[in-house]
Amino acid sequence: MKKPMSTAKFFQKICDQLAEKKQMPEILYYTLTNDSDGWITNPEFVMRENLDYEGSEGICLDLEMELVQEGERVRIPLGTFKTLRSDPEAMEIMGTLLADFLVEAYARVRKHPDHFAWEGYQVCAFDESGKRQNWSFCCKNPEAAEARKEELLLTYPKVTIRENATRKERTFYIKESESREERDDTHTGD
(Lines give C-alpha, C1' and ligand atoms only; values in the text may rest on other atoms or scores of the structure.)
Protein backbone atom coordinates (compact mmCIF):
# COMPACT_ATOMS: atom_id res chain seq x y z
CA MET A 1 0.00 0.00 0.00
CA LYS A 2 1.27 3.45 -0.87
CA LYS A 3 -0.92 5.33 1.61
CA PRO A 4 -3.10 4.61 4.65
CA MET A 5 -6.46 2.92 4.15
CA SER A 6 -9.55 5.04 4.66
CA THR A 7 -12.10 3.90 7.22
CA ALA A 8 -14.73 3.81 4.46
CA LYS A 9 -12.59 1.47 2.35
CA PHE A 10 -11.91 -0.72 5.39
CA PHE A 11 -15.65 -1.04 6.11
CA GLN A 12 -16.35 -1.89 2.46
CA LYS A 13 -13.55 -4.48 2.33
CA ILE A 14 -14.94 -6.25 5.41
CA CYS A 15 -18.45 -6.16 3.94
CA ASP A 16 -17.10 -7.63 0.69
CA GLN A 17 -15.35 -10.41 2.63
CA LEU A 18 -18.57 -11.21 4.50
CA ALA A 19 -20.54 -11.27 1.24
CA GLU A 20 -17.96 -13.54 -0.35
CA LYS A 21 -18.33 -15.94 2.59
CA LYS A 22 -22.13 -15.63 2.36
CA GLN A 23 -22.29 -14.12 5.86
CA MET A 24 -24.31 -11.04 4.92
CA PRO A 25 -27.86 -11.67 6.16
CA GLU A 26 -30.73 -11.58 3.69
CA ILE A 27 -32.84 -9.59 6.16
CA LEU A 28 -30.78 -6.41 5.65
CA TYR A 29 -32.75 -3.45 4.37
CA TYR A 30 -29.54 -1.55 3.65
CA THR A 31 -25.83 -1.27 4.36
CA LEU A 32 -24.47 2.27 4.49
CA THR A 33 -20.78 3.15 4.43
CA ASN A 34 -19.84 6.33 6.30
CA ASP A 35 -17.77 8.50 3.98
CA SER A 36 -15.90 10.33 6.74
CA ASP A 37 -12.35 11.51 6.16
CA GLY A 38 -10.92 8.94 8.56
CA TRP A 39 -7.63 7.21 7.83
CA ILE A 40 -6.26 4.16 9.62
CA THR A 41 -2.67 5.05 10.48
CA ASN A 42 -2.15 2.68 13.39
CA PRO A 43 -3.08 -1.02 13.72
CA GLU A 44 -3.89 -0.50 17.39
CA PHE A 45 -7.54 0.48 17.28
CA VAL A 46 -10.69 -0.74 18.94
CA MET A 47 -13.97 -1.48 17.19
CA ARG A 48 -17.05 0.01 18.85
CA GLU A 49 -20.62 -0.88 18.05
CA ASN A 50 -24.19 0.01 18.89
CA LEU A 51 -26.80 -2.66 18.23
CA ASP A 52 -30.14 -0.87 18.66
CA TYR A 53 -32.95 -3.38 19.22
CA GLU A 54 -35.89 -1.20 20.13
CA GLY A 55 -35.14 1.64 17.75
CA SER A 56 -37.44 3.04 15.10
CA GLU A 57 -38.51 0.63 12.38
CA GLY A 58 -36.38 -2.40 13.08
CA ILE A 59 -32.86 -3.14 14.23
CA CYS A 60 -29.85 -0.96 13.48
CA LEU A 61 -26.18 -1.88 13.88
CA ASP A 62 -23.75 1.06 13.84
CA LEU A 63 -19.98 0.41 13.77
CA GLU A 64 -17.15 2.78 14.50
CA MET A 65 -13.43 2.64 15.04
CA GLU A 66 -11.71 4.19 18.05
CA LEU A 67 -8.10 5.11 17.42
CA VAL A 68 -5.44 7.64 18.29
CA GLN A 69 -4.81 10.40 15.75
CA GLU A 70 -2.32 13.19 16.37
CA GLY A 71 -2.11 12.18 20.02
CA GLU A 72 -5.87 12.25 20.66
CA ARG A 73 -8.31 9.37 20.93
CA VAL A 74 -11.06 9.74 18.33
CA ARG A 75 -14.03 7.69 17.16
CA ILE A 76 -14.71 7.49 13.45
CA PRO A 77 -18.02 6.07 12.17
CA LEU A 78 -17.50 3.16 9.76
CA GLY A 79 -20.98 2.22 8.63
CA THR A 80 -24.47 1.02 9.41
CA PHE A 81 -26.46 -2.16 8.84
CA LYS A 82 -30.26 -1.89 9.03
CA THR A 83 -33.11 -4.36 8.96
CA LEU A 84 -36.80 -3.50 9.17
CA ARG A 85 -37.46 -6.60 11.24
CA SER A 86 -37.60 -6.30 15.04
CA ASP A 87 -38.32 -9.85 16.18
CA PRO A 88 -35.98 -11.86 18.43
CA GLU A 89 -34.75 -14.00 15.50
CA ALA A 90 -33.75 -10.83 13.62
CA MET A 91 -31.84 -9.65 16.70
CA GLU A 92 -29.91 -12.94 16.76
CA ILE A 93 -29.11 -12.57 13.06
CA MET A 94 -27.87 -9.01 13.57
CA GLY A 95 -25.84 -10.12 16.59
CA THR A 96 -24.22 -12.79 14.42
CA LEU A 97 -23.48 -10.16 11.76
CA LEU A 98 -21.78 -8.05 14.44
CA ALA A 99 -19.66 -11.00 15.58
CA ASP A 100 -18.75 -11.93 12.00
CA PHE A 101 -17.77 -8.34 11.18
CA LEU A 102 -15.55 -8.03 14.26
CA VAL A 103 -13.83 -11.36 13.58
CA GLU A 104 -13.11 -10.39 9.95
CA ALA A 105 -11.95 -6.87 10.83
CA TYR A 106 -9.45 -7.95 13.47
CA ALA A 107 -8.28 -10.91 11.34
CA ARG A 108 -7.58 -8.57 8.42
CA VAL A 109 -5.42 -6.33 10.60
CA ARG A 110 -3.53 -9.31 12.07
CA LYS A 111 -2.95 -10.73 8.58
CA HIS A 112 -1.82 -7.38 7.07
CA PRO A 113 -0.43 -5.27 9.94
CA ASP A 114 1.82 -3.32 7.57
CA HIS A 115 -1.23 -1.96 5.73
CA PHE A 116 -2.33 -0.20 8.91
CA ALA A 117 0.95 1.04 10.40
CA TRP A 118 1.76 4.57 9.18
CA GLU A 119 2.92 6.23 12.41
CA GLY A 120 6.00 5.67 14.50
CA TYR A 121 8.22 2.62 14.07
CA GLN A 122 7.54 -1.09 13.58
CA VAL A 123 9.99 -3.52 15.19
CA CYS A 124 9.90 -7.13 13.91
CA ALA A 125 11.83 -10.22 14.97
CA PHE A 126 12.88 -13.18 12.81
CA ASP A 127 13.72 -16.71 13.94
CA GLU A 128 16.81 -18.79 13.03
CA SER A 129 15.25 -19.91 9.74
CA GLY A 130 14.61 -16.29 8.73
CA LYS A 131 10.86 -16.51 9.27
CA ARG A 132 9.22 -13.33 10.52
CA GLN A 133 7.34 -13.72 13.78
CA ASN A 134 3.54 -13.32 13.68
CA TRP A 135 3.76 -10.26 15.92
CA SER A 136 5.57 -6.95 16.00
CA PHE A 137 5.95 -3.92 18.22
CA CYS A 138 4.75 -0.41 17.41
CA CYS A 139 6.98 2.26 18.91
CA LYS A 140 6.23 5.98 18.94
CA ASN A 141 9.80 7.23 18.59
CA PRO A 142 13.22 6.01 17.38
CA GLU A 143 14.57 5.70 20.91
CA ALA A 144 11.81 3.28 21.90
CA ALA A 145 12.36 1.30 18.67
CA GLU A 146 16.11 1.04 19.37
CA ALA A 147 15.49 -0.14 22.93
CA ARG A 148 13.01 -2.78 21.70
CA LYS A 149 15.50 -3.91 19.03
CA GLU A 150 18.23 -4.40 21.65
CA GLU A 151 15.84 -6.41 23.80
CA LEU A 152 14.76 -8.64 20.89
CA LEU A 153 18.34 -9.28 19.75
CA LEU A 154 18.90 -11.05 23.07
CA THR A 155 16.51 -13.75 21.82
CA TYR A 156 16.23 -13.46 18.03
CA PRO A 157 19.07 -13.49 15.44
CA LYS A 158 17.51 -10.83 13.21
CA VAL A 159 15.41 -7.75 13.95
CA THR A 160 14.11 -5.03 11.64
CA ILE A 161 13.07 -1.48 12.43
CA ARG A 162 10.84 0.26 9.92
CA GLU A 163 9.95 3.94 9.96
CA ASN A 164 6.27 3.61 9.09
CA ALA A 165 5.79 7.00 7.44
CA THR A 166 8.61 6.50 4.89
CA ARG A 167 8.57 2.67 4.84
CA LYS A 168 12.40 2.69 5.19
CA GLU A 169 13.64 -0.37 7.00
CA ARG A 170 16.91 -1.20 8.74
CA THR A 171 17.94 -4.77 9.51
CA PHE A 172 20.07 -5.81 12.48
CA TYR A 173 21.75 -9.17 13.06
CA ILE A 174 23.35 -10.72 16.09
CA LYS A 175 26.61 -12.53 15.41
CA GLU A 176 27.46 -15.78 17.11
CA SER A 177 29.90 -13.86 19.31
CA GLU A 178 26.82 -11.92 20.52
CA SER A 179 28.06 -8.62 19.15
CA ARG A 180 25.44 -6.58 17.39
CA GLU A 181 25.95 -5.39 13.85
CA GLU A 182 23.79 -3.24 11.63
CA ARG A 183 23.83 -4.39 8.06
CA ASP A 184 23.50 -1.70 5.43
CA ASP A 185 20.46 -3.01 3.62
CA THR A 186 18.13 -0.09 4.18
CA HIS A 187 15.25 -0.27 1.76
CA THR A 188 11.71 0.84 1.22
CA GLY A 189 9.06 -1.86 1.33
CA ASP A 190 5.36 -1.91 0.53
# chains A, B, ... in the order shown; residues from 1 in each chain; ligands from 1
$ residues_around --residues "A:Phe11" --least-positions-apart "3" --cutoff "7 Å" --atoms "only C-alpha atoms" --output "VMD selection string"
chain A and resid 7 to 8 14 to 15 33 78 to 79
$ residues_around --residues "stretch 87-102 of chain A" --least-positions-apart "6" --cutoff "10 Å" --atoms "only C-alpha atoms" --output "VMD selection string"
chain A and resid 11 14 to 15 17 to 18 23 to 28 46 to 54 58 to 63 81 108
$ closest_residue --among "A:Leu32, A:Ala147, A:Val123, A:Val74" --to "A:Trp135" --atoms "only C-alpha atoms"
A:Val123
$ select_by_dssp --residues "stretch 32-74 of chain A" --states "strand (DSSP E or B)" --output "list in words"
Leu32, Thr33, Trp39, Ile40, Val46, Met47, Arg48, Glu49, Asn50, Leu51, Asp52, Ile59, Cys60, Leu61, Asp62, Leu63, Glu64, Met65, Glu66, Leu67, Val68, Gln69, Glu72, Arg73 and Val74 of chain A
$ closest_residue --among "A:Thr80, A:Asn42, A:Ser86, A:Thr155" --to "A:Cys139" --atoms "only C-alpha atoms"
A:Asn42
$ select_by_dssp --residues "chain A" --states "helix (DSSP H, G or I)" --output "VMD selection string"
chain A and resid 7 to 20 88 to 111 113 to 115 142 to 152
$ atom_distance --atom1 "atom CA of A:Leu154" --atom2 "atom CA of A:Ala125"
10.8 Å
$ closest_atom_pairs --of "stretch 49-149 of chain A" --to "stretch 156-164 of chain A" --cutoff "8 Å" --atoms "only C-alpha atoms" --output "Markdown table"
| residue | atom | partner | partner_atom | distance |
| --- | --- | --- | --- | --- |
| A:Ala117 | CA | A:Asn164 | CA | 6.1 |
| A:Trp118 | CA | A:Asn164 | CA | 4.6 |
| A:Glu119 | CA | A:Asn164 | CA | 5.4 |
| A:Gly120 | CA | A:Asn164 | CA | 5.8 |
| A:Tyr121 | CA | A:Glu163 | CA | 4.7 |
| A:Gln122 | CA | A:Arg162 | CA | 5.1 |
| A:Val123 | CA | A:Ile161 | CA | 4.6 |
| A:Cys124 | CA | A:Thr160 | CA | 5.2 |
| A:Ala125 | CA | A:Val159 | CA | 4.5 |
| A:Phe126 | CA | A:Lys158 | CA | 5.2 |
| A:Asp127 | CA | A:Tyr156 | CA | 5.8 |
| A:Glu128 | CA | A:Pro157 | CA | 6.2 |
| A:Gly130 | CA | A:Lys158 | CA | 7.6 |
| A:Ala145 | CA | A:Ile161 | CA | 6.9 |
| A:Glu146 | CA | A:Ile161 | CA | 8.0 |
| A:Lys149 | CA | A:Val159 | CA | 6.4 |
$ write_last_selection --atoms "N, CA, C and O atoms" --output "PDB file, in the first residue's frame"
ATOM      1  N   ALA A 117      -0.066   0.365   9.591  1.00  0.00           N
ATOM      2  CA  ALA A 117       0.951   1.040  10.396  1.00  0.00           C
ATOM      3  C   ALA A 117       1.589   2.166   9.586  1.00  0.00           C
ATOM      4  O   ALA A 117       2.398   1.923   8.701  1.00  0.00           O
ATOM      5  N   TRP A 118       1.233   3.407   9.897  1.00  0.00           N
ATOM      6  CA  TRP A 118       1.757   4.573   9.182  1.00  0.00           C
ATOM      7  C   TRP A 118       2.311   5.625  10.134  1.00  0.00           C
ATOM      8  O   TRP A 118       2.682   6.707   9.713  1.00  0.00           O
ATOM      9  N   GLU A 119       2.361   5.317  11.411  1.00  0.00           N
ATOM     10  CA  GLU A 119       2.918   6.231  12.409  1.00  0.00           C
ATOM     11  C   GLU A 119       4.026   5.506  13.154  1.00  0.00           C
ATOM     12  O   GLU A 119       3.993   4.293  13.306  1.00  0.00           O
ATOM     13  N   GLY A 120       4.978   6.242  13.649  1.00  0.00           N
ATOM     14  CA  GLY A 120       5.999   5.671  14.505  1.00  0.00           C
ATOM     15  C   GLY A 120       6.889   4.668  13.794  1.00  0.00           C
ATOM     16  O   GLY A 120       7.208   4.804  12.611  1.00  0.00           O
ATOM     17  N   TYR A 121       7.261   3.626  14.541  1.00  0.00           N
ATOM     18  CA  TYR A 121       8.216   2.623  14.069  1.00  0.00           C
ATOM     19  C   TYR A 121       7.680   1.225  14.345  1.00  0.00           C
ATOM     20  O   TYR A 121       7.051   0.996  15.368  1.00  0.00           O
ATOM     21  N   GLN A 122       7.940   0.312  13.443  1.00  0.00           N
ATOM     22  CA  GLN A 122       7.540  -1.091  13.579  1.00  0.00           C
ATOM     23  C   GLN A 122       8.806  -1.918  13.800  1.00  0.00           C
ATOM     24  O   GLN A 122       9.737  -1.840  12.994  1.00  0.00           O
ATOM     25  N   VAL A 123       8.839  -2.686  14.877  1.00  0.00           N
ATOM     26  CA  VAL A 123       9.992  -3.521  15.190  1.00  0.00           C
ATOM     27  C   VAL A 123       9.569  -4.978  15.058  1.00  0.00           C
ATOM     28  O   VAL A 123       8.617  -5.412  15.720  1.00  0.00           O
ATOM     29  N   CYS A 124      10.258  -5.732  14.192  1.00  0.00           N
ATOM     30  CA  CYS A 124       9.903  -7.127  13.913  1.00  0.00           C
ATOM     31  C   CYS A 124      11.089  -8.037  14.196  1.00  0.00           C
ATOM     32  O   CYS A 124      12.231  -7.679  13.913  1.00  0.00           O
ATOM     33  N   ALA A 125      10.790  -9.228  14.691  1.00  0.00           N
ATOM     34  CA  ALA A 125      11.830 -10.224  14.966  1.00  0.00           C
ATOM     35  C   ALA A 125      11.688 -11.393  13.999  1.00  0.00           C
ATOM     36  O   ALA A 125      10.585 -11.710  13.541  1.00  0.00           O
ATOM     37  N   PHE A 126      12.833 -12.047  13.715  1.00  0.00           N
ATOM     38  CA  PHE A 126      12.880 -13.185  12.815  1.00  0.00           C
ATOM     39  C   PHE A 126      13.580 -14.336  13.536  1.00  0.00           C
ATOM     40  O   PHE A 126      14.550 -14.124  14.253  1.00  0.00           O
ATOM     41  N   ASP A 127      13.103 -15.553  13.292  1.00  0.00           N
ATOM     42  CA  ASP A 127      13.721 -16.714  13.938  1.00  0.00           C
ATOM     43  C   ASP A 127      14.961 -17.181  13.169  1.00  0.00           C
ATOM     44  O   ASP A 127      15.352 -16.566  12.171  1.00  0.00           O
ATOM     45  N   GLU A 128      15.568 -18.281  13.615  1.00  0.00           N
ATOM     46  CA  GLU A 128      16.811 -18.793  13.027  1.00  0.00           C
ATOM     47  C   GLU A 128      16.671 -19.149  11.556  1.00  0.00           C
ATOM     48  O   GLU A 128      17.618 -19.077  10.789  1.00  0.00           O
ATOM     49  N   GLY A 130      14.899 -17.512   9.477  1.00  0.00           N
ATOM     50  CA  GLY A 130      14.613 -16.293   8.725  1.00  0.00           C
ATOM     51  C   GLY A 130      13.138 -15.967   8.629  1.00  0.00           C
ATOM     52  O   GLY A 130      12.755 -15.007   7.959  1.00  0.00           O
ATOM     53  N   ALA A 145      12.120   2.363  19.648  1.00  0.00           N
ATOM     54  CA  ALA A 145      12.364   1.297  18.674  1.00  0.00           C
ATOM     55  C   ALA A 145      13.759   0.692  18.877  1.00  0.00           C
ATOM     56  O   ALA A 145      13.923  -0.534  18.830  1.00  0.00           O
ATOM     57  N   GLU A 146      14.756   1.537  19.118  1.00  0.00           N
ATOM     58  CA  GLU A 146      16.111   1.044  19.366  1.00  0.00           C
ATOM     59  C   GLU A 146      16.175   0.187  20.628  1.00  0.00           C
ATOM     60  O   GLU A 146      16.822  -0.859  20.643  1.00  0.00           O
ATOM     61  N   LYS A 149      14.588  -3.130  19.874  1.00  0.00           N
ATOM     62  CA  LYS A 149      15.503  -3.915  19.028  1.00  0.00           C
ATOM     63  C   LYS A 149      16.562  -4.594  19.879  1.00  0.00           C
ATOM     64  O   LYS A 149      16.810  -5.792  19.741  1.00  0.00           O
TER      65      LYS A 149
END
